[in-house]
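Structure file target.cif (mmCIF, C-alpha atoms) is printed below.
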```cif
data_run
loop_
_atom_site.label_atom_id
_atom_site.label_comp_id
_atom_site.auth_asym_id
_atom_site.auth_seq_id
_atom_site.Cartn_x
_atom_site.Cartn_y
_atom_site.Cartn_z
CA MET T 1 130.65 204.43 188.99
CA ASP T 2 127.01 205.23 188.36
CA ASP T 3 126.20 207.46 185.45
CA PRO T 4 125.51 210.92 187.03
CA ASN T 5 122.47 211.21 184.75
CA ARG T 6 120.96 208.13 186.36
CA PRO T 7 119.60 208.56 189.89
CA PRO T 8 120.99 205.93 192.28
CA VAL T 9 118.58 203.30 193.52
CA GLU T 10 119.51 202.46 197.08
CA PHE T 11 117.44 201.53 200.12
CA GLY T 12 118.39 201.85 203.75
CA ALA T 13 118.56 198.95 206.16
CA VAL T 14 115.26 197.34 207.10
CA PRO T 15 114.64 197.55 210.87
CA SER T 16 113.74 194.48 212.88
CA PRO T 17 110.34 194.18 214.58
CA ASP T 18 110.35 194.78 218.34
CA ASP T 19 111.10 191.50 220.15
CA GLN T 20 110.09 192.87 223.56
CA ALA T 21 106.69 194.01 222.28
CA HIS T 22 106.30 190.60 220.68
CA ARG T 23 106.97 188.83 223.97
CA ARG T 24 104.66 191.14 225.92
CA ALA T 25 101.88 190.53 223.42
CA VAL T 26 102.28 186.75 223.66
CA ALA T 27 102.17 187.00 227.46
CA ARG T 28 99.14 189.28 227.37
CA HIS T 29 97.18 186.82 225.25
CA GLY T 30 97.76 184.29 228.01
CA GLU T 31 96.12 186.67 230.51
CA LEU T 32 92.98 187.55 228.53
CA THR T 33 89.57 186.11 229.38
CA LYS T 34 89.65 183.14 227.02
CA PRO T 35 91.31 179.73 226.79
CA ALA T 36 94.90 180.05 225.56
CA GLY T 37 95.08 179.93 221.75
CA SER T 38 91.31 179.81 221.37
CA LEU T 39 91.24 182.66 218.83
CA GLY T 40 93.78 180.90 216.63
CA ARG T 41 95.47 183.05 214.02
CA MET T 42 93.65 186.15 215.27
CA GLU T 43 96.01 185.96 218.25
CA GLU T 44 99.03 185.60 215.98
CA LEU T 45 97.99 188.64 213.94
CA GLY T 46 97.64 190.80 217.04
CA VAL T 47 101.09 189.78 218.22
CA TRP T 48 102.49 190.48 214.74
CA ILE T 49 101.08 194.01 214.77
CA ALA T 50 102.29 194.69 218.32
CA ALA T 51 105.83 193.77 217.29
CA ARG T 52 105.66 196.06 214.23
CA GLN T 53 104.25 198.95 216.25
CA GLY T 54 106.73 198.35 219.08
CA ASN T 55 103.83 198.63 221.48
CA CYS T 56 101.71 196.28 223.57
CA PRO T 57 98.83 196.44 223.57
CA PRO T 58 98.87 197.53 219.92
CA ARG T 59 97.14 200.70 218.72
CA ARG T 60 94.23 200.79 216.33
CA PHE T 61 95.37 201.97 212.90
CA ALA T 62 94.72 205.68 212.56
CA ARG T 63 95.31 206.07 208.81
CA PRO T 64 95.44 202.87 206.74
CA ARG T 65 95.99 203.68 203.07
CA ALA T 66 95.81 201.81 199.77
CA VAL T 67 97.87 203.07 196.83
CA VAL T 68 96.77 201.63 193.48
CA PHE T 69 99.51 201.60 190.83
CA ALA T 70 98.08 201.94 187.33
CA GLY T 71 99.92 201.08 184.13
CA ASP T 72 99.56 199.52 180.70
CA HIS T 73 101.73 196.87 179.07
CA GLY T 74 102.71 196.45 175.44
CA VAL T 75 102.26 192.70 175.70
CA ALA T 76 98.49 193.27 176.05
CA ARG T 77 98.43 193.86 172.28
CA ASN T 78 99.03 190.10 171.90
CA GLY T 79 95.53 189.33 173.14
CA VAL T 80 96.50 188.07 176.59
CA SER T 81 93.53 189.69 178.34
CA ALA T 82 89.76 189.57 178.04
CA TYR T 83 89.64 193.38 178.10
CA PRO T 84 91.16 196.08 175.85
CA SER T 85 93.90 198.36 177.17
CA GLU T 86 91.70 201.46 177.24
CA VAL T 87 89.91 199.95 180.24
CA THR T 88 92.93 200.91 182.37
CA THR T 89 92.30 204.62 181.81
CA GLN T 90 88.59 204.15 182.43
CA MET T 91 89.19 202.25 185.65
CA VAL T 92 91.56 204.93 186.94
CA SER T 93 88.66 207.37 186.63
CA ASN T 94 86.33 204.87 188.28
CA ILE T 95 88.66 204.49 191.27
CA ARG T 96 89.08 208.27 191.48
CA SER T 97 85.31 208.69 191.62
CA GLY T 98 84.88 205.96 194.26
CA GLY T 99 83.12 203.38 192.11
CA ALA T 100 85.55 200.43 192.14
CA ALA T 101 85.67 197.37 194.39
CA ILE T 102 88.71 198.75 196.21
CA ASN T 103 86.71 201.84 197.16
CA ALA T 104 83.82 199.83 198.58
CA LEU T 105 86.14 197.55 200.53
CA ALA T 106 88.16 200.49 201.81
CA ALA T 107 85.00 202.22 203.01
CA ASN T 108 84.11 199.06 204.90
CA ALA T 109 87.58 198.89 206.47
CA GLY T 110 87.91 202.60 207.27
CA ALA T 111 90.83 203.11 204.87
CA GLY T 112 91.73 205.69 202.26
CA VAL T 113 92.46 205.00 198.59
CA ARG T 114 94.86 206.76 196.22
CA VAL T 115 95.35 205.81 192.58
CA VAL T 116 98.52 206.83 190.72
CA ASP T 117 99.19 206.76 186.97
CA ILE T 118 102.67 205.30 186.52
CA SER T 119 102.42 204.13 182.92
CA VAL T 120 98.83 204.36 181.70
CA ASP T 121 98.57 204.51 177.89
CA GLY T 122 96.25 207.48 178.03
CA ALA T 123 95.72 210.89 179.59
CA THR T 124 94.79 211.12 183.27
CA GLU T 125 94.26 213.99 185.67
CA GLU T 126 97.32 215.87 186.86
CA ALA T 127 96.66 214.83 190.45
CA VAL T 128 97.01 211.20 189.37
CA SER T 129 99.90 211.52 186.89
CA ALA T 130 102.49 213.43 188.96
CA HIS T 131 104.73 210.33 189.09
CA LYS T 132 104.10 209.13 185.53
CA ILE T 133 107.12 207.50 183.88
CA ARG T 134 105.84 206.82 180.36
CA ARG T 135 102.77 205.77 178.39
CA SER T 136 102.58 201.98 178.51
CA SER T 137 105.60 199.73 178.90
CA GLY T 138 107.37 197.78 176.17
CA SER T 139 106.16 194.37 175.02
CA LEU T 140 108.30 192.12 177.20
CA ASP T 141 108.18 189.16 174.81
CA VAL T 142 110.21 191.00 172.15
CA GLU T 143 111.79 194.02 173.89
CA ASP T 144 112.71 195.45 177.26
CA ALA T 145 109.75 196.78 179.18
CA LEU T 146 111.72 199.90 180.20
CA THR T 147 114.98 201.71 179.59
CA GLU T 148 117.66 201.80 182.29
CA GLN T 149 116.71 205.39 183.11
CA GLU T 150 113.00 204.55 183.27
CA VAL T 151 113.37 201.58 185.61
CA ARG T 152 115.42 203.66 188.04
CA SER T 153 112.92 206.50 187.87
CA ALA T 154 110.01 204.09 188.42
CA VAL T 155 111.56 202.47 191.50
CA LEU T 156 112.37 205.90 192.91
CA ALA T 157 108.79 207.05 192.20
CA GLY T 158 107.52 204.14 194.27
CA ARG T 159 109.95 205.00 197.05
CA ALA T 160 108.76 208.60 196.98
CA LEU T 161 105.10 207.52 197.12
CA ALA T 162 105.76 205.44 200.24
CA ASP T 163 107.49 208.42 201.85
CA GLU T 164 104.61 210.72 200.92
CA GLU T 165 102.01 208.46 202.47
CA ILE T 166 103.99 207.70 205.63
CA ASP T 167 104.95 211.35 206.11
CA ALA T 168 101.23 212.21 205.82
CA GLY T 169 100.45 209.83 208.69
CA ALA T 170 99.80 206.44 207.08
CA ASP T 171 100.44 203.72 209.67
CA LEU T 172 99.50 200.75 207.47
CA LEU T 173 99.84 200.48 203.69
CA ILE T 174 98.28 198.36 200.98
CA ALA T 175 99.63 198.25 197.43
CA GLY T 176 97.10 197.65 194.69
CA GLU T 177 97.34 197.57 190.91
CA MET T 178 95.22 198.35 187.87
CA GLY T 179 96.41 197.51 184.39
CA ILE T 180 95.14 195.35 181.56
CA GLY T 181 97.64 192.58 180.87
CA ASN T 182 99.63 193.06 184.07
CA THR T 183 99.40 189.41 185.14
CA THR T 184 101.65 188.57 182.17
CA PRO T 185 104.73 190.50 183.38
CA ALA T 186 103.93 189.36 186.92
CA ALA T 187 104.01 185.74 185.74
CA VAL T 188 107.39 186.31 184.10
CA LEU T 189 108.86 187.81 187.28
CA ILE T 190 107.54 184.97 189.42
CA ALA T 191 108.75 182.29 187.03
CA ALA T 192 112.19 183.87 186.79
CA LEU T 193 112.61 184.13 190.57
CA THR T 194 111.22 180.66 191.37
CA SER T 195 112.73 178.77 188.40
CA SER T 196 109.23 177.78 187.27
CA GLU T 197 107.96 176.98 183.78
CA PRO T 198 105.35 179.13 181.98
CA VAL T 199 102.52 176.62 182.36
CA ALA T 200 102.99 176.72 186.14
CA VAL T 201 102.51 180.49 186.41
CA VAL T 202 99.93 181.40 183.75
CA GLY T 203 96.36 181.71 185.01
CA ARG T 204 93.10 183.01 183.60
CA GLY T 205 93.60 186.61 184.74
CA THR T 206 90.55 188.59 183.69
CA GLY T 207 88.78 185.39 182.62
CA ILE T 208 90.48 184.50 179.32
CA ASP T 209 89.48 181.49 177.23
CA ASP T 210 91.76 178.63 176.17
CA THR T 211 92.96 180.39 173.02
CA ALA T 212 93.95 183.52 174.92
CA TRP T 213 95.61 181.33 177.60
CA ILE T 214 97.80 179.77 174.89
CA ARG T 215 98.75 183.23 173.61
CA LYS T 216 99.52 184.38 177.13
CA THR T 217 101.63 181.31 177.85
CA ALA T 218 103.63 181.91 174.67
CA ALA T 219 104.24 185.53 175.66
CA VAL T 220 105.40 184.47 179.12
CA ARG T 221 107.65 181.82 177.57
CA ASP T 222 109.30 184.38 175.28
CA GLY T 223 109.61 186.94 178.05
CA LEU T 224 111.06 184.37 180.41
CA ARG T 225 113.87 183.51 178.00
CA ARG T 226 115.04 187.09 178.28
CA ALA T 227 114.30 187.46 182.01
CA ARG T 228 116.32 184.43 183.10
CA ARG T 229 119.51 186.02 181.82
CA VAL T 230 119.18 188.82 184.40
CA SER T 231 117.21 187.17 187.19
CA ASP T 232 120.01 187.78 189.73
CA ASP T 233 119.87 191.57 189.19
CA PRO T 234 116.59 193.06 190.46
CA LEU T 235 116.83 196.32 188.51
CA ALA T 236 117.73 194.53 185.29
CA LEU T 237 114.88 192.07 185.84
CA LEU T 238 112.40 194.92 186.30
CA ARG T 239 113.78 196.72 183.24
CA THR T 240 113.55 193.64 181.06
CA SER T 241 110.29 192.11 182.18
CA ALA T 242 108.17 194.18 184.54
CA GLY T 243 106.91 197.56 183.42
CA ALA T 244 106.92 200.90 185.22
CA ASP T 245 103.92 200.14 187.43
CA LEU T 246 105.42 196.95 188.86
CA ALA T 247 108.83 198.60 189.26
CA ALA T 248 107.26 201.48 191.18
CA MET T 249 105.34 199.01 193.33
CA ALA T 250 108.60 197.22 194.19
CA GLY T 251 110.14 200.52 195.29
CA PHE T 252 107.03 201.34 197.33
CA LEU T 253 107.05 198.01 199.18
CA ALA T 254 110.78 198.14 199.85
CA GLN T 255 110.61 201.68 201.24
CA ALA T 256 107.60 200.95 203.44
CA SER T 257 109.68 198.28 205.18
CA VAL T 258 112.70 200.56 205.47
CA ARG T 259 110.39 203.07 207.17
CA GLY T 260 109.08 200.37 209.53
CA THR T 261 105.50 200.56 208.26
CA PRO T 262 103.45 197.34 208.08
CA VAL T 263 101.98 196.36 204.72
CA ILE T 264 99.20 193.96 203.75
CA LEU T 265 100.05 192.39 200.40
CA ASP T 266 97.43 191.65 197.77
CA GLY T 267 97.57 188.83 195.23
CA MET T 268 99.74 187.71 192.34
CA VAL T 269 100.72 191.01 190.72
CA VAL T 270 101.59 192.74 193.99
CA GLY T 271 103.27 189.53 195.09
CA SER T 272 105.56 189.57 192.06
CA ALA T 273 106.64 193.11 192.90
CA ALA T 274 107.13 192.09 196.54
CA MET T 275 109.52 189.34 195.50
CA VAL T 276 111.69 191.91 193.74
CA ALA T 277 111.32 194.37 196.64
CA GLU T 278 112.79 191.74 198.96
CA GLU T 279 115.83 191.64 196.65
CA LEU T 280 116.10 195.45 196.70
CA ALA T 281 115.78 195.68 200.50
CA PRO T 282 116.62 192.33 202.13
CA GLY T 283 114.43 191.67 205.16
CA ALA T 284 111.53 193.76 203.83
CA VAL T 285 109.27 190.71 204.08
CA ARG T 286 109.32 190.97 207.88
CA TRP T 287 106.95 193.96 207.57
CA TRP T 288 104.43 192.27 205.27
CA LEU T 289 101.29 190.25 205.88
CA ALA T 290 99.75 188.26 203.02
CA GLY T 291 96.16 189.47 202.77
CA HIS T 292 94.73 186.54 200.83
CA ARG T 293 95.44 183.51 198.67
CA SER T 294 94.61 184.41 195.09
CA VAL T 295 93.30 181.69 192.79
CA GLU T 296 95.98 182.62 190.24
CA PRO T 297 98.38 179.63 190.20
CA ALA T 298 101.49 181.79 190.53
CA ALA T 299 100.17 183.32 193.76
CA ALA T 300 100.95 180.12 195.65
CA LEU T 301 104.54 180.31 194.39
CA VAL T 302 104.80 183.85 195.78
CA LEU T 303 103.55 182.79 199.21
CA ASP T 304 105.96 179.86 199.30
CA HIS T 305 108.88 182.00 198.12
CA LEU T 306 108.26 184.68 200.75
CA ASP T 307 107.19 182.15 203.42
CA LEU T 308 103.93 183.96 204.10
CA ARG T 309 100.61 182.56 205.24
CA PRO T 310 97.52 184.41 203.95
CA VAL T 311 94.88 185.88 206.23
CA LEU T 312 92.00 184.99 203.87
CA ASP T 313 91.30 182.34 201.25
CA MET T 314 88.19 183.46 199.37
CA ASP T 315 88.89 182.54 195.72
CA MET T 316 89.56 186.18 194.81
CA ARG T 317 91.54 187.34 191.75
CA LEU T 318 90.41 190.91 191.05
CA GLY T 319 93.50 192.88 191.98
CA GLU T 320 93.26 196.61 192.85
CA GLY T 321 94.39 195.67 196.38
CA SER T 322 90.95 194.15 196.98
CA GLY T 323 92.12 190.96 198.69
CA ALA T 324 94.41 192.86 201.03
CA MET T 325 91.66 195.36 201.83
CA ALA T 326 89.21 192.54 202.53
CA ALA T 327 91.70 191.23 205.10
CA LEU T 328 92.10 194.57 206.89
CA PRO T 329 88.94 194.22 209.06
CA VAL T 330 90.28 190.90 210.34
CA VAL T 331 93.62 192.54 211.17
CA ASN T 332 91.77 195.38 212.87
CA ALA T 333 89.78 192.85 214.90
CA ALA T 334 93.01 191.15 215.99
CA VAL T 335 94.34 194.49 217.25
CA ARG T 336 91.16 195.22 219.19
CA VAL T 337 91.11 191.78 220.79
CA LEU T 338 94.63 192.24 222.15
CA ALA T 339 94.07 195.86 223.15
CA GLU T 340 90.51 195.86 224.48
CA MET T 341 89.75 192.47 226.04
CA SER T 342 89.90 192.30 229.82
CA THR T 343 92.43 190.18 231.62
CA PHE T 344 91.27 187.55 234.09
CA GLU T 345 92.42 189.81 236.93
CA GLN T 346 90.59 192.88 235.56
CA ALA T 347 87.36 190.94 235.11
CA GLY T 348 87.59 189.17 238.45
CA ILE T 349 87.49 185.79 236.74
CA ARG T 350 89.47 182.81 237.92
CA GLY T 351 92.26 182.18 235.44
CA PRO T 352 93.61 178.87 234.15
CA THR T 353 95.53 176.51 236.40
CA GLY T 354 99.21 175.96 235.78
CA ALA T 355 98.49 172.80 233.82
CA GLU T 356 95.83 174.52 231.72
CA ALA T 357 98.12 177.45 230.99
CA THR T 358 100.57 175.26 229.09
CA GLY T 359 98.51 175.86 225.95
CA ARG T 360 99.69 179.46 225.92
CA THR T 361 99.85 181.26 222.56
CA GLU T 362 102.91 180.52 220.47
CA VAL T 363 103.44 182.60 217.33
CA THR T 364 104.73 180.56 214.43
CA SER T 365 107.28 181.61 211.81
CA ASP T 366 104.38 181.98 209.37
CA ALA T 367 102.87 184.73 211.49
CA GLU T 368 106.25 186.45 211.80
CA GLY T 369 106.32 186.67 208.02
#
```

Whole structure given in structure tokens:
Amino acid sequence: MDDPNRPPVEFGAVPSPDDQAHRRAVARHGELTKPAGSLGRMEELGVWIAARQGNCPPRRFARPRAVVFAGDHGVARNGVSAYPSEVTTQMVSNIRSGGAAINALAANAGAGVRVVDISVDGATEEAVSAHKIRRSSGSLDVEDALTEQEVRSAVLAGRALADEEIDAGADLLIAGEMGIGNTTPAAVLIAALTSSEPVAVVGRGTGIDDTAWIRKTAAVRDGLRRARRVSDDPLALLRTSAGADLAAMAGFLAQASVRGTPVILDGMVVGSAAMVAEELAPGAVRWWLAGHRSVEPAAALVLDHLDLRPVLDMDMRLGEGSGAMAALPVVNAAVRVLAEMSTFEQAGIRGPTGAEATGRTEVTSDAEG
């Protein structure tokens, strides 16, 4: 039995996308005023959205939202980042005031941005810290990142944040992150779940030099020794190796899928949380698009593990949800193409012959995600 002092961490069943809407969207692409398949993956994305909305043609997103999970990590004291930990607190204020990259990209995409303090090692405004679990997380190379109570509370905080956003009308979600040193716990999670070695998952993060890379690799190595013992238990893995921000992100991503709300994933850090979210709510990946291919080496392992194909490949590695937000205009364009283009019949244009129509759009397993 669960300890009554520990809230249970359970997720409902993940719904399946709508097969009928999927088929109607594929058929509609064959009727639009263009050669079949001529818009490539843009056609696949439109079909993907139609199936998640259960509607063809799909609707334009009315309230896309990014939630940026902020938190500090004890392992940052080992010199694994090019920036000091106090930058996390400063960047939370910058995002709140609209001055970060995620704000500029969201303005371009017509999306809203919310930043939440889950485990920042500093004071933040009450509006940001309502779901705060603790100040910083433990140094994963020598101790658990969280207690059993804290990891449960963090996952439930993420679940609650997804519910808050969806209940307020969000019809597409993006998870972002802000935290100095957070690529180190992300690397440990990815290595543990893909049976990879530290050198395969450690990148340059904020732009570290060779000496800092060696320190970071050593921290990941030590953290991985502890993580591998619990890699088959998602809560224990988060407790041992993640930190409150990543645990909350995993709960957020899992619950978004349970609620049938599409998500655009960002890069490596969000990807590591997504891998755990898929363990918490099997089938959650069916509601996720990969926004971009991060240059962090572990990001490719995430995409392979989740069998996702990114929308963009632009050598990005900032975080904050920036890569996912950069992909949103492309996703929006795919929706408009399927919803707003005329059919051959509507335009009075002669359509393809039977032989020409054999190139009709087929959506691959990559697009189904």

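Near Asp117 of chain T, within 6 Å and counting all atoms listed in the file, sit Ala70, Val128, Ser129 and Lys132 of chain T, not including residues fewer than 4 positions from it in the same chain.
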
Length of the atom CA of Leu172 of chain T to atom CA of Pro262 of chain T vector [Å]: 5.3 Å

Atom-to-atom span, atom CA of Ala254 of chain T and atom CA of Arg309 of chain T, Å: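 Atom CA of Arg309 of chain T lies 19.4 Å from atom CA of Ala254 of chain T.
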
One-decimal distance in Å that lies between atom CA of Ala242 of chain T and atom CA of Ala273 of chain T: 8.6 Å

8 Å contact set for Arg114 of chain T, all atoms listed in the file, chain neighbours under 3 positions out, as a ChimeraX atom specification: /T:65-68,96

Any chance you can output those residues with C-alpha atoms as a short mmCIF file (atom, residue, chain, number, x, y, z; two decimals), in the coordinates of the input?
```
data_model
loop_
_atom_site.label_atom_id
_atom_site.label_comp_id
_atom_site.auth_asym_id
_atom_site.auth_seq_id
_atom_site.Cartn_x
_atom_site.Cartn_y
_atom_site.Cartn_z
CA ARG T 65 95.99 203.68 203.07
CA ALA T 66 95.81 201.81 199.77
CA VAL T 67 97.87 203.07 196.83
CA VAL T 68 96.77 201.63 193.48
CA ARG T 96 89.08 208.27 191.48
#
```

I'd like the contact shell of Thr211 of chain T - 12 Å cut-off, only C-alpha atoms, skipping same-chain residues fewer than 2 positions apart - returned as a PDB file with C-alpha atoms, in the coordinates of the input.
```
ATOM      1  CA  ASN T  78      99.030 190.100 171.900  1.00  0.00           C
ATOM      2  CA  GLY T  79      95.530 189.330 173.140  1.00  0.00           C
ATOM      3  CA  VAL T  80      96.500 188.070 176.590  1.00  0.00           C
ATOM      4  CA  SER T  81      93.530 189.690 178.340  1.00  0.00           C
ATOM      5  CA  ALA T  82      89.760 189.570 178.040  1.00  0.00           C
ATOM      6  CA  ARG T 204      93.100 183.010 183.600  1.00  0.00           C
ATOM      7  CA  GLY T 207      88.780 185.390 182.620  1.00  0.00           C
ATOM      8  CA  ILE T 208      90.480 184.500 179.320  1.00  0.00           C
ATOM      9  CA  ASP T 209      89.480 181.490 177.230  1.00  0.00           C
ATOM     10  CA  TRP T 213      95.610 181.330 177.600  1.00  0.00           C
ATOM     11  CA  ILE T 214      97.800 179.770 174.890  1.00  0.00           C
ATOM     12  CA  ARG T 215      98.750 183.230 173.610  1.00  0.00           C
ATOM     13  CA  LYS T 216      99.520 184.380 177.130  1.00  0.00           C
ATOM     14  CA  THR T 217     101.630 181.310 177.850  1.00  0.00           C
ATOM     15  CA  ALA T 218     103.630 181.910 174.670  1.00  0.00           C
TER      16      ALA T 218
END
```
